[in-house]
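As stored in target-v2.txt (compact mmCIF, C-alpha atoms):
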# COMPACT_ATOMS: atom_id res chain seq x y z
CA MET A 1 12.21 -224.81 152.44
CA ILE A 2 10.28 -224.58 155.66
CA LEU A 3 12.34 -227.27 157.43
CA ASP A 4 15.73 -226.03 156.27
CA PRO A 5 18.00 -225.43 159.28
CA GLY A 6 18.75 -221.86 160.22
CA LEU A 7 16.83 -218.77 161.21
CA ASN A 8 15.13 -217.07 158.29
CA MET A 9 14.12 -213.56 159.38
CA THR A 10 12.88 -212.16 156.06
CA LEU A 11 9.22 -211.19 156.35
CA ARG A 12 9.02 -209.35 153.04
CA PRO A 13 8.51 -210.62 150.48
CA MET A 14 6.57 -213.33 152.33
CA ARG A 15 7.07 -216.86 151.20
CA TYR A 16 4.18 -218.25 153.29
CA PRO A 17 1.54 -215.48 153.55
CA ARG A 18 -1.10 -217.96 154.73
CA PHE A 19 0.64 -218.23 158.10
CA TYR A 20 0.54 -214.45 158.48
CA GLU A 21 -3.20 -214.48 157.71
CA MET A 22 -3.67 -217.13 160.41
CA TYR A 23 -1.73 -214.97 162.87
CA ARG A 24 -4.03 -212.00 162.16
CA ASP A 25 -7.13 -214.19 162.47
CA ALA A 26 -5.90 -215.44 165.84
CA ILE A 27 -5.50 -211.88 167.14
CA LYS A 28 -9.13 -211.15 166.23
CA ASN A 29 -10.25 -214.01 168.45
CA SER A 30 -9.11 -212.84 171.87
CA TRP A 31 -10.63 -213.67 175.22
CA THR A 32 -9.70 -213.55 178.88
CA VAL A 33 -10.36 -215.90 181.76
CA GLU A 34 -12.07 -213.07 183.65
CA GLU A 35 -14.94 -213.23 181.16
CA VAL A 36 -15.94 -216.72 182.33
CA ASP A 37 -18.73 -216.78 184.94
CA PHE A 38 -18.62 -219.84 187.20
CA THR A 39 -21.56 -218.79 189.40
CA THR A 40 -24.01 -221.46 188.23
CA ASP A 41 -21.24 -224.07 188.19
CA LEU A 42 -20.87 -223.77 191.96
CA THR A 43 -24.58 -224.47 192.40
CA ASP A 44 -24.36 -227.45 190.05
CA LEU A 45 -21.38 -228.85 191.96
CA ARG A 46 -23.18 -228.55 195.28
CA THR A 47 -26.64 -229.75 194.33
CA ARG A 48 -27.00 -231.24 190.85
CA LEU A 49 -24.08 -233.50 189.95
CA THR A 50 -24.24 -237.19 190.80
CA PRO A 51 -21.28 -238.84 192.57
CA ALA A 52 -20.28 -240.45 189.25
CA GLU A 53 -20.34 -237.06 187.52
CA HIS A 54 -18.28 -235.56 190.36
CA HIS A 55 -15.66 -238.26 189.79
CA LEU A 56 -15.67 -237.58 186.04
CA ILE A 57 -15.21 -233.85 186.42
CA LYS A 58 -12.43 -234.17 189.00
CA ARG A 59 -10.46 -236.50 186.75
CA LEU A 60 -11.10 -234.25 183.76
CA ILE A 61 -9.83 -231.07 185.37
CA ALA A 62 -6.84 -232.99 186.73
CA PHE A 63 -5.91 -233.71 183.11
CA PHE A 64 -6.52 -230.08 182.17
CA ALA A 65 -4.11 -228.99 184.91
CA THR A 66 -1.07 -230.13 182.93
CA GLY A 67 -2.26 -230.87 179.38
CA ASP A 68 -1.68 -227.43 177.87
CA VAL A 69 1.59 -226.99 179.76
CA ILE A 70 2.93 -230.03 177.87
CA VAL A 71 1.69 -228.58 174.57
CA ALA A 72 3.33 -225.22 175.28
CA ASN A 73 6.64 -226.88 176.14
CA ASN A 74 6.71 -228.78 172.85
CA LEU A 75 5.78 -225.63 170.99
CA VAL A 76 8.81 -223.79 172.34
CA LEU A 77 11.30 -226.66 172.35
CA ASN A 78 10.45 -228.14 168.96
CA LEU A 79 7.96 -226.29 166.74
CA TYR A 80 9.38 -222.78 167.16
CA THR A 81 12.91 -224.15 166.86
CA HIS A 82 12.49 -226.06 163.61
CA ILE A 83 9.69 -224.38 161.59
CA ASN A 84 11.91 -221.98 159.69
CA ALA A 85 9.50 -219.32 158.45
CA PRO A 86 9.21 -215.96 160.25
CA GLU A 87 5.50 -215.62 159.46
CA ALA A 88 4.90 -219.08 160.95
CA ARG A 89 6.86 -218.07 164.04
CA LEU A 90 4.56 -215.07 164.39
CA TYR A 91 1.64 -217.49 164.62
CA LEU A 92 3.50 -219.74 167.04
CA SER A 93 4.16 -216.72 169.27
CA ARG A 94 0.45 -216.02 169.33
CA GLN A 95 -0.30 -219.69 169.98
CA LEU A 96 2.04 -219.67 172.96
CA PHE A 97 0.07 -216.75 174.42
CA GLU A 98 -3.17 -218.67 173.88
CA GLU A 99 -1.76 -221.74 175.60
CA ALA A 100 -0.89 -219.49 178.56
CA VAL A 101 -4.51 -218.27 178.67
CA HIS A 102 -5.70 -221.90 178.62
CA VAL A 103 -3.36 -222.74 181.50
CA GLN A 104 -4.76 -219.76 183.43
CA PHE A 105 -8.31 -220.92 182.66
CA TYR A 106 -7.61 -224.41 183.98
CA LEU A 107 -5.81 -222.99 187.01
CA THR A 108 -8.87 -220.88 187.79
CA LEU A 109 -11.11 -223.86 187.13
CA LEU A 110 -9.29 -225.98 189.69
CA ASP A 111 -9.32 -223.17 192.23
CA VAL A 112 -13.10 -222.79 191.81
CA TYR A 113 -14.03 -226.47 191.58
CA LEU A 114 -11.68 -227.83 194.27
CA PRO A 115 -11.78 -225.61 197.36
CA ASP A 116 -10.06 -228.29 199.44
CA MET A 117 -6.32 -227.60 199.26
CA ASP A 118 -5.26 -231.24 199.56
CA GLU A 119 -7.61 -232.29 196.79
CA ARG A 120 -6.35 -229.42 194.64
CA ALA A 121 -2.73 -230.44 195.22
CA LEU A 122 -3.53 -233.99 194.12
CA ALA A 123 -5.09 -232.66 190.91
CA PHE A 124 -2.02 -230.62 190.07
CA SER A 125 0.23 -233.65 190.58
CA ALA A 126 -2.01 -236.00 188.59
CA VAL A 127 0.79 -237.03 186.21
CA ASP A 128 2.57 -238.54 189.22
CA HIS A 129 -0.23 -240.52 190.86
CA ILE A 130 -3.24 -241.06 188.54
CA PRO A 131 -2.37 -243.97 186.21
CA SER A 132 -4.74 -243.00 183.39
CA ILE A 133 -3.25 -239.49 183.25
CA GLN A 134 0.28 -240.85 183.64
CA LYS A 135 -0.35 -242.98 180.55
CA LYS A 136 -1.37 -239.98 178.47
CA ALA A 137 1.56 -237.90 179.72
CA ALA A 138 4.00 -240.71 178.90
CA PHE A 139 2.63 -240.81 175.35
CA CYS A 140 3.20 -237.04 175.01
CA PHE A 141 6.71 -237.17 176.41
CA LYS A 142 7.68 -240.11 174.20
CA TRP A 143 7.12 -238.03 171.08
CA MET A 144 8.53 -234.85 172.60
CA ASN A 145 11.67 -236.62 173.78
CA ALA A 146 12.15 -238.16 170.32
CA MET A 147 13.37 -234.69 169.31
CA TYR A 148 15.51 -234.19 172.41
CA ASP A 149 18.89 -234.63 170.71
CA VAL A 150 17.99 -232.92 167.41
CA ASP A 151 19.40 -229.40 167.17
CA ARG A 152 19.14 -229.05 163.38
CA LEU A 153 17.06 -230.92 160.82
CA THR A 154 20.00 -231.87 158.62
CA SER A 155 18.91 -235.37 157.62
CA VAL A 156 15.79 -236.99 156.19
CA GLN A 157 15.54 -239.05 159.37
CA ASP A 158 15.53 -235.93 161.55
CA ARG A 159 12.92 -234.26 159.36
CA ARG A 160 10.69 -237.33 159.65
CA ARG A 161 11.10 -237.28 163.43
CA PHE A 162 10.04 -233.66 163.49
CA LEU A 163 7.10 -234.33 161.17
CA LEU A 164 5.86 -237.12 163.44
CA ASN A 165 6.22 -234.85 166.48
CA LEU A 166 4.14 -232.18 164.74
CA ILE A 167 1.48 -234.70 163.70
CA CYS A 168 1.38 -236.14 167.23
CA PHE A 169 0.84 -232.82 168.98
CA ALA A 170 -1.65 -231.50 166.42
CA GLY A 171 -3.57 -234.69 165.71
CA CYS A 172 -3.28 -236.75 168.90
CA ILE A 173 -2.82 -234.34 171.79
CA GLU A 174 -4.64 -231.19 170.77
CA GLY A 175 -6.77 -233.03 168.22
CA LEU A 176 -7.76 -236.15 170.16
CA PHE A 177 -6.96 -235.89 173.89
CA PHE A 178 -8.45 -232.42 174.13
CA PHE A 179 -11.35 -233.15 171.79
CA ALA A 180 -12.27 -236.12 173.97
CA ALA A 181 -12.16 -233.82 177.00
CA PHE A 182 -14.39 -231.33 175.18
CA ALA A 183 -16.89 -234.13 174.51
CA TYR A 184 -17.28 -234.76 178.26
CA VAL A 185 -17.81 -231.04 178.87
CA TYR A 186 -20.39 -230.75 176.09
CA PHE A 187 -22.16 -233.88 177.30
CA LEU A 188 -22.62 -232.22 180.68
CA ARG A 189 -23.70 -229.02 178.98
CA SER A 190 -26.35 -230.98 177.04
CA LYS A 191 -27.79 -231.84 180.48
CA GLY A 192 -27.76 -228.19 181.51
CA LEU A 193 -24.73 -228.58 183.79
CA LEU A 194 -21.57 -226.51 184.33
CA ASN A 195 -22.29 -223.73 181.87
CA GLY A 196 -19.27 -221.71 182.99
CA LEU A 197 -16.97 -224.58 182.16
CA ALA A 198 -18.73 -224.97 178.81
CA THR A 199 -18.36 -221.26 178.01
CA GLY A 200 -14.61 -221.28 178.63
CA THR A 201 -14.34 -224.57 176.76
CA ASN A 202 -16.03 -222.98 173.73
CA TRP A 203 -13.22 -220.46 173.52
CA VAL A 204 -10.50 -223.05 174.17
CA PHE A 205 -12.11 -225.24 171.49
CA ARG A 206 -11.97 -222.36 169.05
CA ASP A 207 -8.27 -221.77 169.80
CA GLU A 208 -7.35 -225.45 169.60
CA SER A 209 -9.15 -225.81 166.26
CA ALA A 210 -7.09 -222.92 164.91
CA HIS A 211 -3.88 -224.45 166.29
CA MET A 212 -4.64 -227.65 164.43
CA ALA A 213 -5.50 -225.79 161.24
CA PHE A 214 -2.11 -224.07 161.42
CA ALA A 215 -0.28 -227.34 162.03
CA TYR A 216 -2.06 -228.99 159.12
CA GLU A 217 -1.07 -226.07 156.89
CA VAL A 218 2.56 -226.59 157.94
CA ILE A 219 2.21 -230.32 157.23
CA ALA A 220 0.72 -229.60 153.79
CA THR A 221 3.60 -227.22 153.08
CA ILE A 222 6.14 -229.88 154.07
CA ARG A 223 4.35 -232.42 151.90
CA GLY A 224 4.54 -230.04 148.94
CA GLU A 225 8.23 -229.28 149.45
CA GLU A 226 9.47 -232.71 150.55
CA PRO A 227 6.96 -235.36 149.44
CA GLU A 228 9.52 -238.11 150.10
CA LEU A 229 8.91 -237.64 153.85
CA PHE A 230 5.37 -238.98 153.42
CA ASP A 231 6.32 -242.49 152.42
CA GLU A 232 4.41 -245.67 153.26
CA GLU A 233 6.40 -246.25 156.44
CA THR A 234 5.59 -242.76 157.74
CA GLN A 235 1.90 -243.32 157.09
CA LYS A 236 2.03 -246.62 158.98
CA GLN A 237 3.69 -244.83 161.88
CA VAL A 238 0.94 -242.19 161.93
CA VAL A 239 -1.81 -244.82 162.00
CA ALA A 240 0.02 -246.65 164.83
CA MET A 241 0.49 -243.36 166.69
CA ILE A 242 -3.20 -242.45 166.47
CA SER A 243 -4.18 -245.98 167.50
CA GLU A 244 -1.92 -245.70 170.54
CA ALA A 245 -3.42 -242.31 171.41
CA ILE A 246 -6.91 -243.83 171.25
CA ALA A 247 -5.81 -246.63 173.58
CA CYS A 248 -4.44 -244.05 176.05
CA GLU A 249 -7.63 -242.05 175.88
CA MET A 250 -9.75 -245.17 176.37
CA ALA A 251 -7.82 -245.96 179.57
CA PHE A 252 -8.71 -242.43 180.67
CA ALA A 253 -12.36 -242.99 179.67
CA ASP A 254 -12.47 -246.17 181.75
CA ASP A 255 -11.27 -244.09 184.70
CA LEU A 256 -13.71 -241.22 184.14
CA LEU A 257 -16.67 -243.56 183.65
CA LEU A 258 -15.65 -245.92 186.46
CA TYR A 259 -18.88 -245.44 188.42
CA GLY A 260 -21.19 -245.23 185.41
CA VAL A 261 -22.49 -241.93 184.03
CA ALA A 262 -26.08 -242.05 182.82
CA GLY A 263 -26.28 -241.30 179.10
CA LEU A 264 -22.56 -241.79 178.35
CA SER A 265 -21.12 -245.24 177.66
CA ARG A 266 -17.64 -246.59 177.16
CA GLN A 267 -18.65 -247.99 173.77
CA GLU A 268 -19.87 -244.60 172.56
CA MET A 269 -16.64 -242.96 173.71
CA HIS A 270 -14.58 -245.55 171.86
CA GLN A 271 -16.60 -244.95 168.70
CA TYR A 272 -16.19 -241.19 169.06
CA LEU A 273 -12.41 -241.50 169.46
CA ARG A 274 -12.15 -243.65 166.35
CA PHE A 275 -14.30 -241.11 164.49
CA VAL A 276 -11.98 -238.28 165.55
CA GLY A 277 -8.95 -240.42 164.71
CA ASP A 278 -10.28 -240.85 161.17
CA GLN A 279 -10.72 -237.08 160.90
CA ARG A 280 -7.13 -236.50 161.96
CA MET A 281 -5.86 -238.93 159.33
CA ALA A 282 -7.98 -237.25 156.67
CA ASN A 283 -6.60 -233.86 157.75
CA ILE A 284 -3.11 -234.93 156.68
CA GLY A 285 -4.08 -236.90 153.60
CA ILE A 286 -4.01 -240.41 155.05
CA PRO A 287 -6.98 -242.74 154.35
CA PRO A 288 -9.17 -243.24 157.46
CA ALA A 289 -8.48 -246.48 159.31
CA PHE A 290 -11.58 -247.00 161.46
CA GLY A 291 -14.68 -246.04 159.46
CA ALA A 292 -16.43 -244.75 162.58
CA ARG A 293 -19.32 -242.30 162.78
CA ASN A 294 -19.86 -239.62 165.40
CA PRO A 295 -22.15 -241.12 168.09
CA PHE A 296 -22.61 -237.79 169.91
CA PRO A 297 -25.22 -235.46 168.37
CA PHE A 298 -24.22 -232.76 170.85
CA MET A 299 -20.79 -232.61 169.18
CA ASP A 300 -22.19 -231.96 165.70
CA HIS A 301 -22.48 -228.27 166.55
CA GLN A 302 -18.80 -228.02 167.44
CA ASP A 303 -17.54 -228.37 163.84
CA VAL A 304 -15.21 -231.24 164.75
CA GLN A 305 -15.29 -232.43 161.15
CA GLU A 306 -14.77 -229.13 159.34
CA LEU A 307 -11.77 -227.31 160.73
CA ALA A 308 -11.09 -225.73 157.35
CA ASN A 309 -14.28 -223.68 157.74
CA PHE A 310 -13.54 -222.74 161.34
CA PHE A 311 -13.10 -219.02 160.83
CA GLU A 312 -16.21 -218.78 158.66
CA ARG A 313 -18.27 -219.97 161.65
CA ARG A 314 -16.38 -218.43 164.54
CA VAL A 315 -18.26 -216.82 167.42
CA THR A 316 -18.33 -213.11 166.64
CA ALA A 317 -19.01 -211.89 170.18
CA TYR A 318 -15.33 -212.16 171.10
CA GLN A 319 -13.49 -210.76 168.11
CA VAL A 320 -11.22 -207.77 168.30
CA GLY A 321 -10.87 -205.67 165.18
CA VAL A 322 -7.48 -205.54 163.46
CA SER A 323 -6.88 -202.72 161.00
CA GLY A 324 -4.22 -202.19 158.36
CA GLU A 325 -3.13 -204.03 155.26
CA VAL A 326 0.07 -205.75 154.18
CA THR A 327 1.44 -206.13 150.69
CA PHE A 328 3.13 -209.49 150.44
CA SER A 329 5.30 -208.64 147.43
CA GLU A 330 7.06 -205.67 149.02
CA THR A 331 10.71 -205.78 150.07
CA PHE A 332 12.39 -203.87 152.90
Once more with this new file: its structure as structure tokens, please.
Amino acid sequence: MILDPGLNMTLRPMRYPRFYEMYRDAIKNSWTVEEVDFTTDLTDLRTRLTPAEHHLIKRLIAFFATGDVIVANNLVLNLYTHINAPEARLYLSRQLFEEAVHVQFYLTLLDVYLPDMDERALAFSAVDHIPSIQKKAAFCFKWMNAMYDVDRLTSVQDRRRFLLNLICFAGCIEGLFFFAAFAYVYFLRSKGLLNGLATGTNWVFRDESAHMAFAYEVIATIRGEEPELFDEETQKQVVAMISEAIACEMAFADDLLLYGVAGLSRQEMHQYLRFVGDQRMANIGIPPAFGARNPFPFMDHQDVQELANFFERRVTAYQVGVSGEVTFSETF
């Protein structure tokens, strides 16, 4: 089974060909930071953003500075270690590369947006001195550190701990913290602001959606192989986890919207987070807890609700062709 301890290295015949298909799909969707044009962003920053919007964007990119680094660390320390399927590890290797591209994108973003070196240094150390970002980082580390002393998933308890870690990073961190960040970017884009940031975010959004789709496929596989892990207590823990993530993100929203941003309210952000939280529960087969609707029409175009159809609607301008076929039933 996919959580059995060890290191399965047998790629043929493939037990989980869907993960290999996801790996190939990910390769088709390649992009580089150098393709992002920040020219108009610089004009917007100098002449068009209000002081409240400046505050929002500085806090947002301060979160970006470390968010994907945390995700990449968990990927290496926990997901790659314990998901025992070589085709899944192929995908995780590709995901790690994509996280590195995201880190480079955010590094470039900070360099462009914050020319003052002191201000830039503060952004990079946000987890140490900005309380709203500290709160989100502490949430991430709590679930990452829950796996700190687990070398092998030999017990049901350890497997549940891993499952909750996977759900946290897919559903709460990539699926809620980053989707909330994307909402702020797309709100500004709806006002014709920071198109370079929005362009890069489109590609990050596409990657993150694929990362979640992969994680949900792993979760579905675990559910099929070990349904006893998805007991009532586990479901209660997931609902509590998502509720805590929403509370963390609302503290961040209060910070971002401290000076009032015209057209974006705290109440709407709370509703949006509950809406996304419901989607994350539905993604793993848990009944939605909040019954919220999406208050942001500008997010309807981002396919937040339909990750399963992501690759049917992907942007075709940045796909790289992959040739060759594989026969899943062949042996070495």
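The gap separating atom CA of A:Arg189 from atom CA of A:Trp31 is 20.5 Å, in Å to one decimal.
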Spatial sel., origin (-14.4, -227.1, 175.2), limit 10 Å, all atoms listed in the file, listed as a VMD selection string: chain A and resid 178 to 186 197 to 208 302
Selected residue, from A:Ala146, A:Leu49, A:Ile222, A:Met299, that lies nearest to A:Asp4 when counting only C-alpha atoms: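 The answer is A:Ile222, which sits nearest to A:Asp4.
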Distance query stretch 138-145 of chain A at most 7 Å, only C-alpha atoms, self and fewer than 3 positions along chain excluded, as a PyMOL selection string: chain A and resi 74+134-135+148+165
Go ahead and dump the residues you just picked, C-alpha atoms, as a PDB file, in the frame of the given file.
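Saved as again-v9.pdb:
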ATOM      1  CA  ASN A  74       6.710-228.780 172.850  1.00  0.00           C
ATOM      2  CA  GLN A 134       0.280-240.850 183.640  1.00  0.00           C
ATOM      3  CA  LYS A 135      -0.350-242.980 180.550  1.00  0.00           C
ATOM      4  CA  TYR A 148      15.510-234.190 172.410  1.00  0.00           C
ATOM      5  CA  ASN A 165       6.220-234.850 166.480  1.00  0.00           C
TER       6      ASN A 165
END
Residue with smallest distance to A:Phe252 - pool A:Pro5, A:Gly67, A:Pro131, A:Pro13, counting only C-alpha atoms: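 Among A:Pro5, A:Gly67, A:Pro131, A:Pro13, it is A:Pro131 that comes nearest to A:Phe252.
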Neighbour list for A:Asp41 as a list in words, cut-off 12 Å, only C-alpha atoms, skip fewer than 4 positions in-chain: Val36, Asp37, Leu45, Arg46, Thr47, Arg48, Leu49, Ile57, Leu109, Val112, Tyr113, Leu114, Leu188, Arg189, Gly192, Leu193, Leu194, Asn195, Gly196, Leu197, Ala198, Thr199 and Gly200 of chain A
Atom CA of A:Thr10 to atom CA of A:Ala215, distance in Å rounded to a single decimal: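 Interatomic distance, atom CA of A:Thr10 to atom CA of A:Ala215: 21.0 Å.
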Selection near stretch 153-163 of chain A, 8 Å with only C-alpha atoms, sequence-local residues under 3 positions removed, as a ChimeraX atom specification: /A:3-5,78,82,146-147,150,166-167,219,229,234
Residues within 8 Å of A:Phe19, all atoms listed in the file, excluding chain neighbours under 6 positions, as a VMD selection string: chain A and resid 87 to 88 91 214
Within-12 Å shell of (-4.5, -216.3, 164.9) in input frame, only C-alpha atoms, as a ChimeraX atom specification: /A:18-30,87-98,206-214,310-311,319-320,322
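Distance annotation: of A:Ile286, A:Ile242, A:Leu107, A:Met9, the residue with the minimal separation from A:Asp68 is A:Leu107; atom set is all atoms listed in the file.
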Residue among A:Ala170, A:Ala62, A:Leu164, A:Leu258 lying closest to A:Gln279, counting all atoms listed in the file: A:Ala170
Selected residue of minimal separation from A:Arg15 among A:Ala245, A:Thr221, A:Thr50, A:Phe187, counting all atoms listed in the file: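 Checking each of A:Ala245, A:Thr221, A:Thr50, A:Phe187 against A:Arg15, counting all atoms listed in the file, the winner is A:Thr221.
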Pairwise distance for atom CA of A:Ala292 and atom CA of A:Glu244, rounded to one decimal in Å: 16.6 Å
Quick one: residues within 10 Å of A:Leu110, only C-alpha atoms counted, chain neighbours fewer than 4 positions away excluded, as a CSV table (one decimal) with C-alpha atoms, in the coordinates of the input?
chain,number,residue,atom,x,y,z
A,58,LYS,CA,-12.4,-234.2,189.0
A,61,ILE,CA,-9.8,-231.1,185.4
A,62,ALA,CA,-6.8,-233.0,186.7
A,64,PHE,CA,-6.5,-230.1,182.2
A,65,ALA,CA,-4.1,-229.0,184.9
A,104,GLN,CA,-4.8,-219.8,183.4
A,105,PHE,CA,-8.3,-220.9,182.7
A,106,TYR,CA,-7.6,-224.4,184.0
A,114,LEU,CA,-11.7,-227.8,194.3
A,115,PRO,CA,-11.8,-225.6,197.4
A,119,GLU,CA,-7.6,-232.3,196.8
A,120,ARG,CA,-6.4,-229.4,194.6
A,121,ALA,CA,-2.7,-230.4,195.2
A,123,ALA,CA,-5.1,-232.7,190.9
A,124,PHE,CA,-2.0,-230.6,190.1
Best match for closeness to A:Pro51 among A:Ile130, A:Leu273, A:Val261, A:Gly285, counting all atoms listed in the file: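 Once distances to A:Pro51 are computed over all atoms listed in the file, the minimum belongs to A:Val261.
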Work out where the centre of an axis-aligned box around every listed atom of stretch 145-155 of chain A lies and how long its edges are once 4 Å is added on each side; give both in Å to one decimal as AutoDock Vina command-line options.
--center_x 15.8 --center_y -233.6 --center_z 165.7 --size_x 16.3 --size_y 17.1 --size_z 24.2
Mind dumping a table of every stretch 209-247 of chain A residue within 12 Å of stretch 262-272 of chain A, with the nearest atom pair and its distance in Å to one decimal, using only C-alpha atoms, sorted by chain and rising number, as JSON lines?
{"residue": "A:Ser243", "atom": "CA", "partner": "A:His270", "partner_atom": "CA", "distance": 11.3}
{"residue": "A:Ala245", "atom": "CA", "partner": "A:His270", "partner_atom": "CA", "distance": 11.6}
{"residue": "A:Ile246", "atom": "CA", "partner": "A:His270", "partner_atom": "CA", "distance": 7.9}
{"residue": "A:Ala247", "atom": "CA", "partner": "A:His270", "partner_atom": "CA", "distance": 9.0}
Just save stretch 11-18 of chain A with all heavy atoms, as a PDB file, in the first residue's frame.
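Contents of the output file out29.pdb:
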ATOM      1  N   LEU A  11       8.981   0.737 -11.036  1.00  0.00           N
ATOM      2  CA  LEU A  11       8.131   1.598 -11.871  1.00  0.00           C
ATOM      3  C   LEU A  11       7.306   0.811 -12.887  1.00  0.00           C
ATOM      4  O   LEU A  11       6.324   1.333 -13.413  1.00  0.00           O
ATOM      5  CB  LEU A  11       8.986   2.634 -12.591  1.00  0.00           C
ATOM      6  CG  LEU A  11       9.195   3.957 -11.854  1.00  0.00           C
ATOM      7  CD1 LEU A  11      10.289   4.781 -12.496  1.00  0.00           C
ATOM      8  CD2 LEU A  11       7.903   4.750 -11.782  1.00  0.00           C
ATOM      9  N   ARG A  12       7.739  -0.399 -13.208  1.00  0.00           N
ATOM     10  CA  ARG A  12       6.958  -1.213 -14.132  1.00  0.00           C
ATOM     11  C   ARG A  12       6.806  -2.624 -13.570  1.00  0.00           C
ATOM     12  O   ARG A  12       7.813  -3.225 -13.181  1.00  0.00           O
ATOM     13  CB  ARG A  12       7.658  -1.289 -15.503  1.00  0.00           C
ATOM     14  CG  ARG A  12       7.885   0.040 -16.188  1.00  0.00           C
ATOM     15  CD  ARG A  12       7.037   0.140 -17.450  1.00  0.00           C
ATOM     16  NE  ARG A  12       7.278   1.416 -18.124  1.00  0.00           N
ATOM     17  CZ  ARG A  12       7.962   1.555 -19.262  1.00  0.00           C
ATOM     18  NH1 ARG A  12       8.490   0.511 -19.852  1.00  0.00           N
ATOM     19  NH2 ARG A  12       8.094   2.740 -19.819  1.00  0.00           N
ATOM     20  N   PRO A  13       5.626  -3.198 -13.539  1.00  0.00           N
ATOM     21  CA  PRO A  13       4.373  -2.532 -13.900  1.00  0.00           C
ATOM     22  C   PRO A  13       3.985  -1.488 -12.858  1.00  0.00           C
ATOM     23  O   PRO A  13       4.255  -1.655 -11.670  1.00  0.00           O
ATOM     24  CB  PRO A  13       3.356  -3.674 -13.902  1.00  0.00           C
ATOM     25  CG  PRO A  13       3.942  -4.676 -12.956  1.00  0.00           C
ATOM     26  CD  PRO A  13       5.432  -4.580 -13.101  1.00  0.00           C
ATOM     27  N   MET A  14       3.345  -0.412 -13.315  1.00  0.00           N
ATOM     28  CA  MET A  14       2.977   0.682 -12.421  1.00  0.00           C
ATOM     29  C   MET A  14       1.721   0.341 -11.640  1.00  0.00           C
ATOM     30  O   MET A  14       0.715  -0.056 -12.217  1.00  0.00           O
ATOM     31  CB  MET A  14       2.740   1.972 -13.210  1.00  0.00           C
ATOM     32  CG  MET A  14       4.010   2.637 -13.676  1.00  0.00           C
ATOM     33  SD  MET A  14       3.661   4.244 -14.409  1.00  0.00           S
ATOM     34  CE  MET A  14       5.332   4.712 -14.886  1.00  0.00           C
ATOM     35  N   ARG A  15       1.811   0.566 -10.347  1.00  0.00           N
ATOM     36  CA  ARG A  15       0.637   0.351  -9.516  1.00  0.00           C
ATOM     37  C   ARG A  15      -0.266   1.577  -9.513  1.00  0.00           C
ATOM     38  O   ARG A  15      -1.478   1.475  -9.357  1.00  0.00           O
ATOM     39  CB  ARG A  15       1.072   0.013  -8.095  1.00  0.00           C
ATOM     40  CG  ARG A  15      -0.123  -0.249  -7.184  1.00  0.00           C
ATOM     41  CD  ARG A  15       0.240  -1.028  -5.961  1.00  0.00           C
ATOM     42  NE  ARG A  15      -0.957  -1.406  -5.227  1.00  0.00           N
ATOM     43  CZ  ARG A  15      -0.951  -2.134  -4.124  1.00  0.00           C
ATOM     44  NH1 ARG A  15       0.193  -2.565  -3.641  1.00  0.00           N
ATOM     45  NH2 ARG A  15      -2.083  -2.425  -3.504  1.00  0.00           N
ATOM     46  N   TYR A  16       0.345   2.772  -9.638  1.00  0.00           N
ATOM     47  CA  TYR A  16      -0.428   4.023  -9.581  1.00  0.00           C
ATOM     48  C   TYR A  16      -0.126   4.876 -10.816  1.00  0.00           C
ATOM     49  O   TYR A  16       0.512   5.924 -10.720  1.00  0.00           O
ATOM     50  CB  TYR A  16      -0.069   4.801  -8.311  1.00  0.00           C
ATOM     51  CG  TYR A  16      -0.219   4.020  -7.029  1.00  0.00           C
ATOM     52  CD1 TYR A  16       0.905   3.519  -6.362  1.00  0.00           C
ATOM     53  CD2 TYR A  16      -1.475   3.781  -6.479  1.00  0.00           C
ATOM     54  CE1 TYR A  16       0.778   2.807  -5.174  1.00  0.00           C
ATOM     55  CE2 TYR A  16      -1.612   3.063  -5.295  1.00  0.00           C
ATOM     56  CZ  TYR A  16      -0.487   2.578  -4.643  1.00  0.00           C
ATOM     57  OH  TYR A  16      -0.626   1.874  -3.472  1.00  0.00           O
ATOM     58  N   PRO A  17      -0.584   4.457 -11.997  1.00  0.00           N
ATOM     59  CA  PRO A  17      -0.252   5.192 -13.227  1.00  0.00           C
ATOM     60  C   PRO A  17      -0.772   6.617 -13.245  1.00  0.00           C
ATOM     61  O   PRO A  17      -0.223   7.463 -13.948  1.00  0.00           O
ATOM     62  CB  PRO A  17      -0.902   4.347 -14.333  1.00  0.00           C
ATOM     63  CG  PRO A  17      -1.933   3.516 -13.641  1.00  0.00           C
ATOM     64  CD  PRO A  17      -1.396   3.252 -12.283  1.00  0.00           C
ATOM     65  N   ARG A  18      -1.804   6.919 -12.465  1.00  0.00           N
ATOM     66  CA  ARG A  18      -2.348   8.282 -12.461  1.00  0.00           C
ATOM     67  C   ARG A  18      -1.296   9.285 -12.008  1.00  0.00           C
ATOM     68  O   ARG A  18      -1.229  10.414 -12.523  1.00  0.00           O
ATOM     69  CB  ARG A  18      -3.580   8.351 -11.544  1.00  0.00           C
ATOM     70  CG  ARG A  18      -4.199   9.731 -11.422  1.00  0.00           C
ATOM     71  CD  ARG A  18      -4.735  10.222 -12.752  1.00  0.00           C
ATOM     72  NE  ARG A  18      -5.230  11.587 -12.646  1.00  0.00           N
ATOM     73  CZ  ARG A  18      -4.922  12.563 -13.468  1.00  0.00           C
ATOM     74  NH1 ARG A  18      -4.109  12.336 -14.498  1.00  0.00           N
ATOM     75  NH2 ARG A  18      -5.409  13.770 -13.303  1.00  0.00           N
TER      76      ARG A  18
END
